Amino acid sequence: MPDTYRLIRLCLGLITATLAPKCSAEFLQWSNSEIQYLHGSNYTEPFNPENVSQSIITLTHAHGWTYGRNFFFMDTLFTESGQPAQTNLYGEVYSTFSLSKISGLDLALGLIKDLGITGGVNLGENLNSGQSGFRAWLYGVSVDFDLPGFAYFNVDFLRQRVTEPDDIGTSWQITPVWQLPFEIAGSKWSFEGFADFIGKKGDRAARQALAQPQLRLDIGDLWGNSDHLYLGIEYQYWHNKYGIKGLRDSVPQVVLLWKF
């Protein structure tokens, strides 16, 4: 077994050494990674009348490549009060294939910059529970808009199928994602985030609306090290949380973020 591990590591090393120059020059076009710390104190949970306090560490990565872009994030949620201590993981992975990149054609038309085909998976686990976690599979189309002032404004139109902990069927999901950088008195700010609008699934899950807009201040720029350290606030609004009719989050969260 140790020989097998060494062989695998050697092969991976050779592949990396061979492809790294090509990937950096031709394959990988841009890349962005972030680590965020968030804290909020009045989350709601099913069958719990108490406000729940949580700290969240989020790892996010996105990159563009020859035929599109990939996106990933993972939340690690630590319960601090309001319910038994527990740790939850939640992550999403999406790949979008750009039709303009694949075809070599300019598909821009008016405010539309590009069209894409998108697929993804959403995964959730409670590390303190032996029950099966959350699984959802998504596919559909993405529209990239060219809006004045925005670094990006994209909207995904997806079909969503939840298969675990129970197979509760298929519905639709619409997800706008945006980033709007701006300056105030020489300081650098960004208003960015996403919103999920999810359809009902029979009588098992109600329609949902989840929005997590952030307002960020580039505090690193205040001492000449811009685009790395940010401080801000995120507001989480979740109507019919987890698809449970009447359950709602309305939570302001402090955000400390390192971009690399």
# chains A, B, ... in the order shown; residues from 1 in each chain; ligands from 1
$ residues_around --residues "stretch 243-258 of chain A" --least-positions-apart "2" --cutoff "8 Å" --atoms "only C-alpha atoms" --output "ChimeraX atom specification"
/A:34-46,200,204-208,228-241,260
$ write_last_selection --atoms "N, CA and C atoms" --output "compact mmCIF listing (two decimals), in the first residue's frame"
# COMPACT_ATOMS: atom_id res chain seq x y z
N GLU A 34 -11.72 33.00 -1.59
CA GLU A 34 -12.00 33.79 -0.40
C GLU A 34 -12.22 32.88 0.80
N ILE A 35 -11.84 33.38 1.96
CA ILE A 35 -12.23 32.78 3.24
C ILE A 35 -13.00 33.84 4.01
N GLN A 36 -14.22 33.50 4.43
CA GLN A 36 -15.08 34.44 5.14
C GLN A 36 -15.39 33.92 6.55
N TYR A 37 -15.44 34.85 7.49
CA TYR A 37 -15.98 34.55 8.81
C TYR A 37 -17.23 35.39 9.00
N LEU A 38 -18.34 34.75 9.33
CA LEU A 38 -19.60 35.43 9.56
C LEU A 38 -20.15 35.06 10.93
N HIS A 39 -20.87 35.99 11.54
CA HIS A 39 -21.51 35.70 12.83
C HIS A 39 -22.87 36.37 12.87
N GLY A 40 -23.86 35.60 13.31
CA GLY A 40 -25.20 36.12 13.51
C GLY A 40 -25.82 35.49 14.76
N SER A 41 -26.88 36.13 15.29
CA SER A 41 -27.37 35.69 16.60
C SER A 41 -28.86 35.42 16.65
N ASN A 42 -29.57 35.50 15.54
CA ASN A 42 -31.01 35.22 15.63
C ASN A 42 -31.51 34.39 14.46
N TYR A 43 -30.78 33.29 14.18
CA TYR A 43 -31.26 32.32 13.20
C TYR A 43 -32.42 31.54 13.80
N THR A 44 -33.28 31.05 12.91
CA THR A 44 -34.39 30.20 13.35
C THR A 44 -34.16 28.78 12.86
N GLU A 45 -34.64 27.81 13.64
CA GLU A 45 -34.54 26.41 13.28
C GLU A 45 -35.89 25.73 13.53
N PRO A 46 -36.19 24.64 12.82
CA PRO A 46 -37.48 23.96 12.99
C PRO A 46 -37.70 23.48 14.42
N LYS A 200 -42.11 25.30 -5.27
CA LYS A 200 -42.58 24.28 -4.34
C LYS A 200 -42.46 22.90 -4.96
N ARG A 204 -44.58 18.67 -0.22
CA ARG A 204 -43.45 18.35 0.65
C ARG A 204 -42.58 19.56 0.97
N ALA A 205 -42.57 20.57 0.11
CA ALA A 205 -41.72 21.74 0.33
C ALA A 205 -42.37 22.97 -0.28
N ALA A 206 -42.47 24.03 0.53
CA ALA A 206 -43.07 25.28 0.07
C ALA A 206 -42.08 26.07 -0.79
N ARG A 207 -42.59 27.06 -1.52
CA ARG A 207 -41.72 27.96 -2.26
C ARG A 207 -40.76 28.67 -1.31
N GLN A 208 -39.53 28.87 -1.76
CA GLN A 208 -38.52 29.51 -0.93
C GLN A 208 -37.92 30.73 -1.62
N HIS A 228 -7.66 42.49 -0.71
CA HIS A 228 -7.35 41.29 0.08
C HIS A 228 -8.22 41.20 1.34
N LEU A 229 -8.23 42.23 2.17
CA LEU A 229 -8.92 42.17 3.46
C LEU A 229 -10.15 43.08 3.44
N TYR A 230 -11.31 42.48 3.76
CA TYR A 230 -12.57 43.21 3.72
C TYR A 230 -13.32 43.05 5.05
N LEU A 231 -14.07 44.08 5.40
CA LEU A 231 -14.97 44.05 6.55
C LEU A 231 -16.32 44.54 6.07
N GLY A 232 -17.38 43.87 6.53
CA GLY A 232 -18.68 44.29 6.05
C GLY A 232 -19.82 43.65 6.80
N ILE A 233 -20.97 43.68 6.17
CA ILE A 233 -22.18 43.11 6.75
C ILE A 233 -22.91 42.33 5.67
N GLU A 234 -23.47 41.19 6.05
CA GLU A 234 -24.32 40.40 5.17
C GLU A 234 -25.69 40.28 5.81
N TYR A 235 -26.71 40.44 5.01
CA TYR A 235 -28.07 40.26 5.50
C TYR A 235 -28.64 39.00 4.88
N GLN A 236 -29.02 38.05 5.73
CA GLN A 236 -29.63 36.81 5.25
C GLN A 236 -31.13 36.85 5.46
N TYR A 237 -31.84 36.76 4.35
CA TYR A 237 -33.30 36.65 4.42
C TYR A 237 -33.70 35.32 3.77
N TRP A 238 -34.42 34.50 4.52
CA TRP A 238 -34.82 33.19 4.02
C TRP A 238 -36.29 32.99 4.34
N HIS A 239 -37.13 33.06 3.32
CA HIS A 239 -38.57 32.86 3.45
C HIS A 239 -38.88 31.39 3.22
N ASN A 240 -39.64 30.80 4.15
CA ASN A 240 -39.92 29.36 4.12
C ASN A 240 -38.61 28.56 4.13
N LYS A 241 -37.81 28.79 5.14
CA LYS A 241 -36.50 28.16 5.28
C LYS A 241 -36.62 26.64 5.21
N PHE A 260 -7.82 35.84 -1.82
CA PHE A 260 -6.48 35.47 -2.30
C PHE A 260 -6.58 34.79 -3.65
$ residues_around --residues "A:Gln131" --least-positions-apart "5" --cutoff "9 Å" --atoms "only C-alpha atoms" --output "MDAnalysis selection string"
chainID A and resid 125:126 165
$ select_by_dssp --residues "stretch 19-172 of chain A" --states "alpha helix (DSSP H)" --output "list in words"
Leu19, Ala20, Pro21, Lys22, Leu99, Ser100, Lys101, Ile102 and Ser103 of chain A
$ write_last_selection --atoms "C-alpha atoms" --output "CSV table (one decimal), in the first residue's frame"
chain,number,residue,atom,x,y,z
A,19,LEU,CA,0.3,20.7,-17.4
A,20,ALA,CA,0.9,23.6,-15.0
A,21,PRO,CA,2.6,25.9,-17.5
A,22,LYS,CA,0.0,25.2,-20.2
A,99,LEU,CA,-21.7,29.0,-25.5
A,100,SER,CA,-19.7,31.9,-26.9
A,101,LYS,CA,-16.4,30.3,-25.8
A,102,ILE,CA,-17.4,26.8,-27.2
A,103,SER,CA,-18.7,28.1,-30.5
$ residues_around --residues "A:Trp65" --least-positions-apart "4" --cutoff "6 Å" --atoms "only C-alpha atoms" --output "JSON list (two decimals) with N, CA and C atoms, in the first residue's frame"
[["chain", "number", "residue", "atom", "x", "y", "z"],
["A", 27, "PHE", "N", -5.21, 27.62, -20.23],
["A", 27, "PHE", "CA", -6.41, 26.98, -19.70],
["A", 27, "PHE", "C", -7.11, 27.86, -18.67],
["A", 28, "LEU", "N", -6.42, 28.24, -17.62],
["A", 28, "LEU", "CA", -7.00, 29.02, -16.54],
["A", 28, "LEU", "C", -6.90, 30.51, -16.88],
["A", 29, "GLN", "N", -8.05, 31.18, -16.99],
["A", 29, "GLN", "CA", -8.07, 32.56, -17.45],
["A", 29, "GLN", "C", -8.16, 33.56, -16.29],
["A", 69, "ARG", "N", -16.75, 28.49, -16.79],
["A", 69, "ARG", "CA", -16.33, 28.84, -15.44],
["A", 69, "ARG", "C", -16.83, 27.79, -14.46]]
$ closest_residue --among "A:Gly124, A:Tyr94, A:Ser33, A:Asn48" --to "A:Leu77" --atoms "only C-alpha atoms"
A:Gly124
$ closest_residue --among "A:Ala136, A:Leu158, A:Gly149, A:Thr87" --to "A:Gly116" --atoms "only C-alpha atoms"
A:Leu158
$ atom_distance --atom1 "atom CA of A:Tyr242" --atom2 "atom CA of A:Ala195"
14.6 Å
$ select_by_dssp --residues "stretch 62-142 of chain A" --states "strand (DSSP E or B)" --output "count of residues only"
55
$ decode --residues "stretch 225-249 of chain A" --atoms "N, CA and C atoms" --output "mmCIF file, in the first residue's frame"
data_model
loop_
_atom_site.group_PDB
_atom_site.id
_atom_site.type_symbol
_atom_site.label_atom_id
_atom_site.label_comp_id
_atom_site.auth_asym_id
_atom_site.auth_seq_id
_atom_site.Cartn_x
_atom_site.Cartn_y
_atom_site.Cartn_z
ATOM 1 N N ASN A 225 -2.867 48.015 0.766
ATOM 2 C CA ASN A 225 -2.855 46.599 0.378
ATOM 3 C C ASN A 225 -4.269 46.210 -0.053
ATOM 4 N N SER A 226 -4.662 46.683 -1.226
ATOM 5 C CA SER A 226 -6.051 46.556 -1.651
ATOM 6 C C SER A 226 -6.380 45.160 -2.163
ATOM 7 N N ASP A 227 -7.702 44.886 -2.181
ATOM 8 C CA ASP A 227 -8.268 43.671 -2.757
ATOM 9 C C ASP A 227 -7.857 42.402 -2.028
ATOM 10 N N HIS A 228 -7.662 42.486 -0.710
ATOM 11 C CA HIS A 228 -7.349 41.295 0.081
ATOM 12 C C HIS A 228 -8.217 41.198 1.342
ATOM 13 N N LEU A 229 -8.228 42.227 2.172
ATOM 14 C CA LEU A 229 -8.916 42.174 3.464
ATOM 15 C C LEU A 229 -10.148 43.077 3.437
ATOM 16 N N TYR A 230 -11.305 42.477 3.764
ATOM 17 C CA TYR A 230 -12.572 43.207 3.717
ATOM 18 C C TYR A 230 -13.323 43.047 5.051
ATOM 19 N N LEU A 231 -14.065 44.081 5.404
ATOM 20 C CA LEU A 231 -14.965 44.053 6.548
ATOM 21 C C LEU A 231 -16.321 44.535 6.070
ATOM 22 N N GLY A 232 -17.375 43.870 6.529
ATOM 23 C CA GLY A 232 -18.677 44.286 6.050
ATOM 24 C C GLY A 232 -19.815 43.650 6.802
ATOM 25 N N ILE A 233 -20.973 43.679 6.170
ATOM 26 C CA ILE A 233 -22.181 43.115 6.751
ATOM 27 C C ILE A 233 -22.915 42.335 5.670
ATOM 28 N N GLU A 234 -23.466 41.185 6.050
ATOM 29 C CA GLU A 234 -24.318 40.401 5.170
ATOM 30 C C GLU A 234 -25.687 40.284 5.813
ATOM 31 N N TYR A 235 -26.715 40.442 5.013
ATOM 32 C CA TYR A 235 -28.069 40.262 5.501
ATOM 33 C C TYR A 235 -28.645 38.995 4.883
ATOM 34 N N GLN A 236 -29.015 38.047 5.730
ATOM 35 C CA GLN A 236 -29.626 36.807 5.253
ATOM 36 C C GLN A 236 -31.132 36.854 5.458
ATOM 37 N N TYR A 237 -31.844 36.761 4.352
ATOM 38 C CA TYR A 237 -33.303 36.648 4.415
ATOM 39 C C TYR A 237 -33.696 35.325 3.769
ATOM 40 N N TRP A 238 -34.421 34.505 4.522
ATOM 41 C CA TRP A 238 -34.820 33.191 4.020
ATOM 42 C C TRP A 238 -36.290 32.994 4.341
ATOM 43 N N HIS A 239 -37.127 33.062 3.319
ATOM 44 C CA HIS A 239 -38.567 32.858 3.454
ATOM 45 C C HIS A 239 -38.884 31.389 3.220
ATOM 46 N N ASN A 240 -39.641 30.800 4.148
ATOM 47 C CA ASN A 240 -39.922 29.355 4.122
ATOM 48 C C ASN A 240 -38.610 28.564 4.125
ATOM 49 N N LYS A 241 -37.815 28.792 5.136
ATOM 50 C CA LYS A 241 -36.501 28.159 5.278
ATOM 51 C C LYS A 241 -36.621 26.644 5.209
ATOM 52 N N TYR A 242 -35.715 26.008 4.461
ATOM 53 C CA TYR A 242 -35.700 24.559 4.226
ATOM 54 C C TYR A 242 -36.974 24.071 3.529
ATOM 55 N N GLY A 243 -37.771 24.993 2.975
ATOM 56 C CA GLY A 243 -39.041 24.603 2.377
ATOM 57 C C GLY A 243 -40.158 24.427 3.380
ATOM 58 N N ILE A 244 -39.938 24.845 4.642
ATOM 59 C CA ILE A 244 -40.941 24.720 5.704
ATOM 60 C C ILE A 244 -41.770 26.001 5.740
ATOM 61 N N LYS A 245 -43.022 25.898 5.428
ATOM 62 C CA LYS A 245 -43.890 27.066 5.333
ATOM 63 C C LYS A 245 -43.951 27.801 6.668
ATOM 64 N N GLY A 246 -43.689 29.105 6.649
ATOM 65 C CA GLY A 246 -43.761 29.943 7.836
ATOM 66 C C GLY A 246 -42.449 30.097 8.585
ATOM 67 N N LEU A 247 -41.443 29.273 8.291
ATOM 68 C CA LEU A 247 -40.145 29.396 8.956
ATOM 69 C C LEU A 247 -39.324 30.450 8.205
ATOM 70 N N ARG A 248 -38.770 31.421 8.943
ATOM 71 C CA ARG A 248 -38.137 32.548 8.267
ATOM 72 C C ARG A 248 -36.904 33.019 9.025
ATOM 73 N N ASP A 249 -35.838 33.309 8.271
ATOM 74 C CA ASP A 249 -34.642 33.967 8.797
ATOM 75 C C ASP A 249 -34.631 35.423 8.356
#
